[in-house]
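Undergrad: Data: entry.pdb, PDB, C-alpha atoms.
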ATOM      1  CA  MET A   1     -12.561 -22.874  -4.465
ATOM      2  CA  ASN A   2     -14.090 -23.650  -1.083
ATOM      3  CA  GLN A   3     -16.162 -21.054   0.759
ATOM      4  CA  ILE A   4     -13.473 -20.164   3.310
ATOM      5  CA  ALA A   5     -10.901 -19.501   0.591
ATOM      6  CA  GLU A   6     -13.449 -17.505  -1.397
ATOM      7  CA  LEU A   7     -14.355 -15.416   1.660
ATOM      8  CA  HIS A   8     -10.664 -14.706   2.320
ATOM      9  CA  SER A   9     -10.159 -13.717  -1.317
ATOM     10  CA  LEU A  10     -13.188 -11.411  -1.285
ATOM     11  CA  LYS A  11     -12.022  -9.695   1.905
ATOM     12  CA  GLU A  12      -8.578  -9.089   0.400
ATOM     13  CA  ARG A  13     -10.107  -7.656  -2.769
ATOM     14  CA  ALA A  14     -12.414  -5.374  -0.742
ATOM     15  CA  GLN A  15      -9.439  -4.098   1.258
ATOM     16  CA  ALA A  16      -7.503  -3.357  -1.934
ATOM     17  CA  ILE A  17     -10.497  -1.515  -3.416
ATOM     18  CA  LYS A  18     -10.853   0.545  -0.234
ATOM     19  CA  ALA A  19      -7.201   1.582  -0.370
ATOM     20  CA  ARG A  20      -7.449   2.456  -4.072
ATOM     21  CA  LEU A  21     -10.606   4.529  -3.493
ATOM     22  CA  HIS A  22      -8.775   6.450  -0.807
ATOM     23  CA  LEU A  23      -5.956   7.216  -3.248
ATOM     24  CA  LEU A  24      -8.405   8.388  -5.888
ATOM     25  CA  ASP A  25     -10.199  10.608  -3.395
ATOM     26  CA  LYS A  26      -6.881  12.054  -2.270
ATOM     27  CA  ARG A  27      -5.908  12.803  -5.877
ATOM     28  CA  ILE A  28      -9.230  14.531  -6.496
ATOM     29  CA  GLY A  29      -8.527  16.695  -3.453
ATOM     30  CA  GLU A  30      -5.074  17.545  -4.754
ATOM     31  CA  ILE A  31      -6.467  18.568  -8.124
ATOM     32  CA  GLN A  32      -9.074  20.707  -6.401
ATOM     33  CA  GLY A  33      -6.343  22.366  -4.348
ATOM     34  CA  ARG A  34      -6.958  20.722  -0.974
ATOM     35  CA  GLN A  35      -3.658  19.531   0.433
ATOM     36  CA  GLY A  36      -4.441  17.379   3.461
ATOM     37  CA  ILE A  37      -2.382  15.360   5.896
ATOM     38  CA  ARG A  38      -1.538  11.956   4.545
ATOM     39  CA  ASP A  39      -3.421   9.621   6.835
ATOM     40  CA  PHE A  40      -2.306   6.298   5.344
ATOM     41  CA  LYS A  41       1.011   4.462   5.231
ATOM     42  CA  ALA A  42       2.266   1.398   3.379
ATOM     43  CA  VAL A  43       2.551  -1.852   5.328
ATOM     44  CA  VAL A  44       4.311  -5.056   4.232
ATOM     45  CA  ASP A  45       2.890  -8.544   4.679
ATOM     46  CA  SER A  46       6.193 -10.355   5.221
ATOM     47  CA  ASP A  47       4.563 -13.735   4.553
ATOM     48  CA  ARG A  48       3.786 -12.644   0.980
ATOM     49  CA  CYS A  49       6.875 -10.534   0.230
ATOM     50  CA  VAL A  50       9.498 -12.324  -1.863
ATOM     51  CA  GLY A  51      12.027  -9.480  -1.783
ATOM     52  CA  CYS A  52      11.857  -8.679  -5.513
ATOM     53  CA  GLY A  53      12.666  -4.981  -4.919
ATOM     54  CA  ILE A  54      10.132  -3.506  -7.331
ATOM     55  CA  CYS A  55       8.533  -1.459  -4.554
ATOM     56  CA  GLU A  56      11.915  -0.092  -3.495
ATOM     57  CA  ASP A  57      12.630   0.984  -7.079
ATOM     58  CA  VAL A  58       9.345   2.859  -7.543
ATOM     59  CA  CYS A  59       8.914   4.518  -4.131
ATOM     60  CA  PRO A  60       9.175   8.275  -4.788
ATOM     61  CA  GLU A  61      10.071   8.962  -1.144
ATOM     62  CA  GLY A  62      12.756   6.285  -0.760
ATOM     63  CA  ALA A  63      10.741   4.896   2.143
ATOM     64  CA  ILE A  64      11.228   1.207   1.272
ATOM     65  CA  ILE A  65      14.348  -0.884   1.829
ATOM     66  CA  VAL A  66      14.485  -4.502   0.675
ATOM     67  CA  ASN A  67      16.842  -7.046   2.175
ATOM     68  CA  ARG A  68      15.100 -10.413   2.312
ATOM     69  CA  THR A  69      11.721  -8.712   2.530
ATOM     70  CA  ALA A  70      10.585  -5.128   2.123
ATOM     71  CA  ARG A  71      10.558  -2.767   5.087
ATOM     72  CA  VAL A  72       8.729   0.587   5.067
ATOM     73  CA  ASP A  73      10.007   3.593   6.999
ATOM     74  CA  PRO A  74       6.709   5.091   8.251
ATOM     75  CA  ARG A  75       8.337   8.504   8.763
ATOM     76  CA  ARG A  76       9.228   8.748   5.079
ATOM     77  CA  CYS A  77       6.143   7.031   3.631
ATOM     78  CA  LYS A  78       3.629   9.559   2.267
ATOM     79  CA  GLY A  79       0.894   7.004   1.594
ATOM     80  CA  CYS A  80       0.895   7.497  -2.185
ATOM     81  CA  GLY A  81       0.202   3.800  -2.860
ATOM     82  CA  THR A  82       2.678   3.471  -5.732
ATOM     83  CA  CYS A  83       4.237   0.417  -4.093
ATOM     84  CA  VAL A  84       0.821  -1.168  -3.553
ATOM     85  CA  ASP A  85       0.007  -0.791  -7.244
ATOM     86  CA  VAL A  86       3.214  -2.467  -8.484
ATOM     87  CA  CYS A  87       3.690  -5.327  -6.011
ATOM     88  CA  PRO A  88       3.221  -8.574  -7.973
ATOM     89  CA  GLN A  89       2.691 -10.567  -4.761
ATOM     90  CA  GLY A  90       0.110  -8.238  -3.207
ATOM     91  CA  ALA A  91       2.398  -7.952  -0.177
ATOM     92  CA  LEU A  92       1.898  -4.217   0.321
ATOM     93  CA  SER A  93      -1.236  -2.455   1.445
ATOM     94  CA  LEU A  94      -2.209   0.928   2.830
ATOM     95  CA  ARG A  95      -3.279   1.176   6.449
ATOM     96  CA  PRO A  96      -4.519   4.167   8.417
ATOM     97  CA  ARG A  97      -1.863   5.954  10.427
ATOM     98  CA  MET A  98      -2.502   5.852  14.137
ATOM     99  CA  MET A  99      -2.783   9.383  15.471
TER     100      MET A  99
END
Could you rewrite the structure in this file as structure tokens?
TA:
Amino acid sequence: MNQIAELHSLKERAQAIKARLHLLDKRIGEIQGRQGIRDFKAVVDSDRCVGCGICEDVCPEGAIIVNRTARVDPRRCKGCGTCVDVCPQGALSLRPRMM
């Protein structure tokens, strides 16, 4: 692997770890009784999405519709990250909501 490809791969892995840490922190807060505003939403990388529909099937809020590629309804998305965890292509990620 050349250095540019390795750097790209490392950045993607760091971003995924950051999103997962946020989910873990949020779950800790829920267990401790702190219900906060969900400040993340799922976003689709349409270049990676192959339209398999797994994310649509697992979304507990029904926020994802798949035609050729997945599309997330940001009003319905609660930022739980379930779709991010199951996407075999790595096409979904969590991004901060813009206030």
Undergrad: I'd like to see the residues matched by the PyMOL selection byres ((chain A and resi 50-59) around 8) on this file, and ideally I'd get them as a PyMOL selection string.
TA: chain A and resi 48-49+60-70+82-84+86-87+89
Undergrad: Could those selected residues go to a file with C-alpha atoms, as an mmCIF file, keeping the file's coordinate frame?
TA:
data_model
loop_
_atom_site.group_PDB
_atom_site.id
_atom_site.type_symbol
_atom_site.label_atom_id
_atom_site.label_comp_id
_atom_site.auth_asym_id
_atom_site.auth_seq_id
_atom_site.Cartn_x
_atom_site.Cartn_y
_atom_site.Cartn_z
ATOM 1 C CA ARG A 48 3.786 -12.644 0.980
ATOM 2 C CA CYS A 49 6.875 -10.534 0.230
ATOM 3 C CA PRO A 60 9.175 8.275 -4.788
ATOM 4 C CA GLU A 61 10.071 8.962 -1.144
ATOM 5 C CA GLY A 62 12.756 6.285 -0.760
ATOM 6 C CA ALA A 63 10.741 4.896 2.143
ATOM 7 C CA ILE A 64 11.228 1.207 1.272
ATOM 8 C CA ILE A 65 14.348 -0.884 1.829
ATOM 9 C CA VAL A 66 14.485 -4.502 0.675
ATOM 10 C CA ASN A 67 16.842 -7.046 2.175
ATOM 11 C CA ARG A 68 15.100 -10.413 2.312
ATOM 12 C CA THR A 69 11.721 -8.712 2.530
ATOM 13 C CA ALA A 70 10.585 -5.128 2.123
ATOM 14 C CA THR A 82 2.678 3.471 -5.732
ATOM 15 C CA CYS A 83 4.237 0.417 -4.093
ATOM 16 C CA VAL A 84 0.821 -1.168 -3.553
ATOM 17 C CA VAL A 86 3.214 -2.467 -8.484
ATOM 18 C CA CYS A 87 3.690 -5.327 -6.011
ATOM 19 C CA GLN A 89 2.691 -10.567 -4.761
#
Undergrad: Taking the file above as input, evaluate the PyMOL selection byres ((chain A and resi 40) around 6) and report the hits as a VMD selection string.
TA: chain A and resid 38 to 39 41 79 94 to 97
Undergrad: Between atom CA of A:Pro74 and atom CA of A:Leu21, what is the distance in Å, rounded to a tenth?
TA: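 A separation of 20.9 Å between them.
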Undergrad: Nearest residue to A:Leu92 out of A:His22, A:Val43, A:Arg75, A:Cys80, using all atoms listed in the file?
TA: A:Val43
Undergrad: In terms of the shortest atom-to-atom distance over all atoms listed in the file, which of A:Ala42, A:Lys11, A:Ala91, A:Ile28 is closest to A:Cys77?
TA: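 Closest to A:Cys77 of all the choices is A:Ala42.
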